[in-house]
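Here is the structure we will look at, set down as structure tokens.
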Amino acid sequence: MSKKVKASAVQDRKGIATVQQIVTSDIGWVFREQTTDDFGIDAHLEVVENETATGRLIAAQIKSGPSYFKKPHDDGWWFRLDPDDLEYWIDHSLPVIVVLCNPDTGTAYWQTVTQKTIVTGKRGGRKLLVPTAQQLGGESRRGLAKVAEGKPYELRLRQLRLALPWMRLLQDGRRILLEAGEWINKSSGRGDITIVSVDEGNEDRQELGAWFIMVGSRPYDEVLPSLVPWADVILHEETYDDADYEAWEDACVYYDNEGDRIVREGYAEWRREWIGDRTLRPYANSMGEVDSWRLELVLNDLGTSFLAVDRFAEGDGMILTSR
């Protein structure tokens with residue numbers, strides 16, 4: 001007696017095989033199918049860097065077949081979410097993506113499952129837009145690697161934890177400076193960032209870290225504060241006082257033939273007019289190419305509160321929690 005094989009099962013196998021081929025060959029990552037039970041996760045993708053498995057994983061739910069592509073949206077395809085699956089994915093310990101695969105064309109598209117990507121319809125149903133711009137392949141490696149870093153909520157908490165040593169330095173009376181070199185003629189928003197610590201007298205300079213950034217057209221007076229949400233960002237007073245005074249002398253002070261000092265405009269008046277209402281600004285420019293910034297960090301409410309949370313988390317004792 002023969003046993004029929006469901007067409008849906010064949011389609012599922014084709015989809016998993018197609019996605020596996022893309023992940024292993026085009027992206028160059030590890031693909032591990034979850035074959036024991038279908039709890040809403042079909043595979044784990046593991047990030048590979050420099051031919052080394054990193055341990056950073058993404059859980060993937062793969063939906064296969066032309067039916068998922070029958071009703072395209074302007075930017076992709078809507079995928080309707082089952083309430084039980086959605087709850088499972090949101091609570092999952094790994095970041096989760098939904099992959100729509102068409103084995104007939106050998107293509108697949110992906111979207112993360114987060115509170116930001118979930119859309120609630122007029123009747124209360126939940127859905128996910130899987131965009132055409134997120135085709136699974138070599139070009140999606142960077143985006144997927146960012147997903148593998150963790151869920152946005154947990155990632156932001158982790159970033160605050162990594163910044164704790166700097167918060168503690170401020171709490172202990174050290175000063176922390178954010179120095180940046182902005183390449184103003186580059187459309188990429190290229191720049192170099194350095195974090196340094198100095199004592200109260202602006203001495204004992206210690207470099208804490210250095211990074212390269214590319215922020216596109218975003219202005220640096222917005223970008224730089226966003227990098228340190230746990231601190232208020234102000235001008236480094238000593239640097240800007242000296243730079244402003246030198247700029248004023250160059251613009252408004254000269255000496256006549258007899259060596260007498262002539263001042264065309266007073267420093268305070270010139271400074272009000274020259275600076276205007278700019279809160280954050282570079283203090284110098286080199287060869288018309290690089291603007292130099294030196295900003296000082298001051299603990300804000302988030303930083304102060306996170307230090308308190310850290311002290312609490314280092315303690316012990318029982319805590320009542322909801323079931």
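Residue numbers start at 1 in each chain; chains themselves are named A, B, ... in the order of the structure tokens; ligands are numbered from 1 in the order shown.
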Per DSSP on the backbone, what are the strand (DSSP E or B) residues of stretch 117-272 of chain A, as JSON, numbers by chain? {"A": [118, 119, 120, 126, 127, 128, 129, 130, 131, 135, 175, 176, 177, 178, 179, 180, 181, 182, 183, 190, 191, 192, 193, 194, 195, 196, 197, 198, 206, 207, 208, 209, 210, 211, 212, 213, 214, 231, 232, 233, 234, 235, 253, 254, 255, 261, 262, 263]}
With N, CA and C atoms retained, export the selected residues as a compact mmCIF listing (two decimals), in the first residue's frame.
```
# COMPACT_ATOMS: atom_id res chain seq x y z
N ILE A 118 6.45 44.59 13.46
CA ILE A 118 5.10 44.02 13.49
C ILE A 118 4.07 45.13 13.27
N VAL A 119 3.13 44.88 12.38
CA VAL A 119 2.07 45.85 12.07
C VAL A 119 0.73 45.25 12.48
N THR A 120 -0.10 46.05 13.15
CA THR A 120 -1.44 45.62 13.54
C THR A 120 -2.46 46.15 12.54
N ARG A 126 -2.16 40.67 13.16
CA ARG A 126 -0.75 41.12 13.13
C ARG A 126 -0.10 40.60 11.86
N LYS A 127 0.74 41.44 11.29
CA LYS A 127 1.41 41.05 10.04
C LYS A 127 2.80 41.67 9.98
N LEU A 128 3.56 41.17 9.00
CA LEU A 128 4.95 41.56 8.87
C LEU A 128 5.20 41.87 7.39
N LEU A 129 5.83 43.01 7.09
CA LEU A 129 6.18 43.32 5.71
C LEU A 129 7.58 42.78 5.43
N VAL A 130 7.66 41.83 4.52
CA VAL A 130 8.96 41.29 4.10
C VAL A 130 9.37 42.07 2.84
N PRO A 131 10.36 42.94 2.93
CA PRO A 131 10.66 43.86 1.83
C PRO A 131 11.47 43.24 0.70
N GLN A 135 16.63 40.92 0.06
CA GLN A 135 16.78 39.60 -0.56
C GLN A 135 17.93 38.87 0.11
N ARG A 175 37.21 63.51 34.02
CA ARG A 175 36.50 64.14 32.92
C ARG A 175 36.71 63.27 31.68
N ILE A 176 35.65 63.13 30.87
CA ILE A 176 35.72 62.34 29.65
C ILE A 176 35.42 63.24 28.46
N LEU A 177 36.30 63.19 27.47
CA LEU A 177 36.16 64.01 26.28
C LEU A 177 35.90 63.12 25.07
N LEU A 178 35.03 63.60 24.20
CA LEU A 178 34.76 62.95 22.92
C LEU A 178 35.37 63.84 21.84
N GLU A 179 36.40 63.32 21.18
CA GLU A 179 37.09 64.09 20.14
C GLU A 179 36.77 63.48 18.78
N ALA A 180 36.49 64.33 17.80
CA ALA A 180 36.11 63.83 16.48
C ALA A 180 36.79 64.65 15.40
N GLY A 181 37.18 63.96 14.33
CA GLY A 181 37.65 64.60 13.12
C GLY A 181 36.66 64.30 12.01
N GLU A 182 35.95 65.32 11.53
CA GLU A 182 34.88 65.14 10.53
C GLU A 182 35.38 65.57 9.15
N TRP A 183 35.38 64.65 8.20
CA TRP A 183 35.78 64.97 6.83
C TRP A 183 34.59 65.62 6.13
N ARG A 190 32.26 60.52 6.70
CA ARG A 190 33.42 59.86 7.32
C ARG A 190 33.96 60.66 8.49
N GLY A 191 34.39 59.94 9.52
CA GLY A 191 34.98 60.62 10.67
C GLY A 191 35.74 59.67 11.57
N ASP A 192 36.57 60.25 12.41
CA ASP A 192 37.33 59.49 13.40
C ASP A 192 36.90 59.95 14.79
N ILE A 193 36.63 59.00 15.66
CA ILE A 193 36.17 59.29 17.02
C ILE A 193 37.19 58.77 18.02
N THR A 194 37.52 59.58 19.02
CA THR A 194 38.39 59.15 20.10
C THR A 194 37.77 59.56 21.43
N ILE A 195 37.75 58.64 22.39
CA ILE A 195 37.30 58.94 23.74
C ILE A 195 38.52 58.98 24.65
N VAL A 196 38.68 60.08 25.39
CA VAL A 196 39.83 60.22 26.28
C VAL A 196 39.35 60.64 27.66
N SER A 197 40.17 60.37 28.66
CA SER A 197 39.89 60.77 30.03
C SER A 197 41.00 61.70 30.50
N VAL A 198 40.61 62.76 31.21
CA VAL A 198 41.58 63.67 31.81
C VAL A 198 41.15 63.93 33.25
N GLN A 206 44.39 60.18 29.09
CA GLN A 206 44.41 58.73 28.86
C GLN A 206 43.40 58.40 27.77
N GLU A 207 43.88 57.75 26.71
CA GLU A 207 42.97 57.36 25.62
C GLU A 207 42.21 56.10 26.01
N LEU A 208 40.87 56.13 25.86
CA LEU A 208 40.02 55.01 26.24
C LEU A 208 39.55 54.19 25.05
N GLY A 209 39.61 54.75 23.86
CA GLY A 209 39.17 54.01 22.68
C GLY A 209 39.12 54.90 21.47
N ALA A 210 39.16 54.29 20.27
CA ALA A 210 39.10 55.04 19.02
C ALA A 210 38.31 54.24 18.00
N TRP A 211 37.53 54.94 17.16
CA TRP A 211 36.66 54.31 16.19
C TRP A 211 36.64 55.11 14.90
N PHE A 212 36.23 54.45 13.83
CA PHE A 212 36.00 55.07 12.53
C PHE A 212 34.51 55.00 12.25
N ILE A 213 33.89 56.10 11.84
CA ILE A 213 32.45 56.09 11.58
C ILE A 213 32.16 56.65 10.19
N MET A 214 31.00 56.22 9.66
CA MET A 214 30.48 56.77 8.40
C MET A 214 28.98 56.98 8.60
N ALA A 231 24.94 60.40 28.61
CA ALA A 231 25.62 61.63 29.03
C ALA A 231 25.10 62.82 28.24
N ASP A 232 25.10 63.98 28.87
CA ASP A 232 24.88 65.22 28.15
C ASP A 232 26.21 65.63 27.53
N VAL A 233 26.16 66.20 26.34
CA VAL A 233 27.36 66.56 25.61
C VAL A 233 27.46 68.08 25.54
N ILE A 234 28.57 68.62 26.02
CA ILE A 234 28.79 70.06 26.02
C ILE A 234 30.16 70.35 25.39
N LEU A 235 30.40 71.62 25.08
CA LEU A 235 31.70 72.00 24.55
C LEU A 235 32.76 71.89 25.63
N VAL A 253 41.64 91.98 15.33
CA VAL A 253 42.76 92.69 15.95
C VAL A 253 43.92 92.79 14.96
N TYR A 254 44.45 94.02 14.83
CA TYR A 254 45.65 94.20 14.00
C TYR A 254 46.50 95.29 14.61
N TYR A 255 47.72 95.40 14.09
CA TYR A 255 48.65 96.39 14.62
C TYR A 255 49.04 97.35 13.49
N ARG A 261 48.03 98.44 18.96
CA ARG A 261 47.02 97.39 18.80
C ARG A 261 45.67 98.03 18.52
N ILE A 262 45.05 97.64 17.39
CA ILE A 262 43.75 98.19 17.00
C ILE A 262 42.72 97.07 17.05
N VAL A 263 41.63 97.32 17.74
CA VAL A 263 40.55 96.33 17.86
C VAL A 263 39.33 96.84 17.10
```
I need the residues of stretch 79-289 of chain A that end up classed as helix (DSSP H, G or I) by DSSP on the backbone, written out as JSON, numbers by chain. {"A": [83, 84, 85, 86, 87, 88, 89, 90, 91, 138, 139, 140, 141, 142, 143, 144, 145, 146, 147, 148, 152, 153, 154, 155, 156, 157, 158, 159, 160, 161, 162, 164, 165, 166, 167, 168, 169, 170, 171, 220, 221, 222, 223, 224, 225, 226, 237, 238, 239, 240, 241, 242, 243, 244, 245, 246, 247, 248, 249, 250, 251, 252, 267, 268, 269, 270, 271, 272, 273, 274, 275]}
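Across the structure, atom CA of A:Glu87 and atom CA of A:Leu100 are spaced 19.5 Å apart.
Residue nearest A:Gly65 within the list A:Glu154, A:Asp104, A:Glu51, A:Glu222: A:Asp104 [criterion: smallest interatomic distance, only C-alpha atoms].
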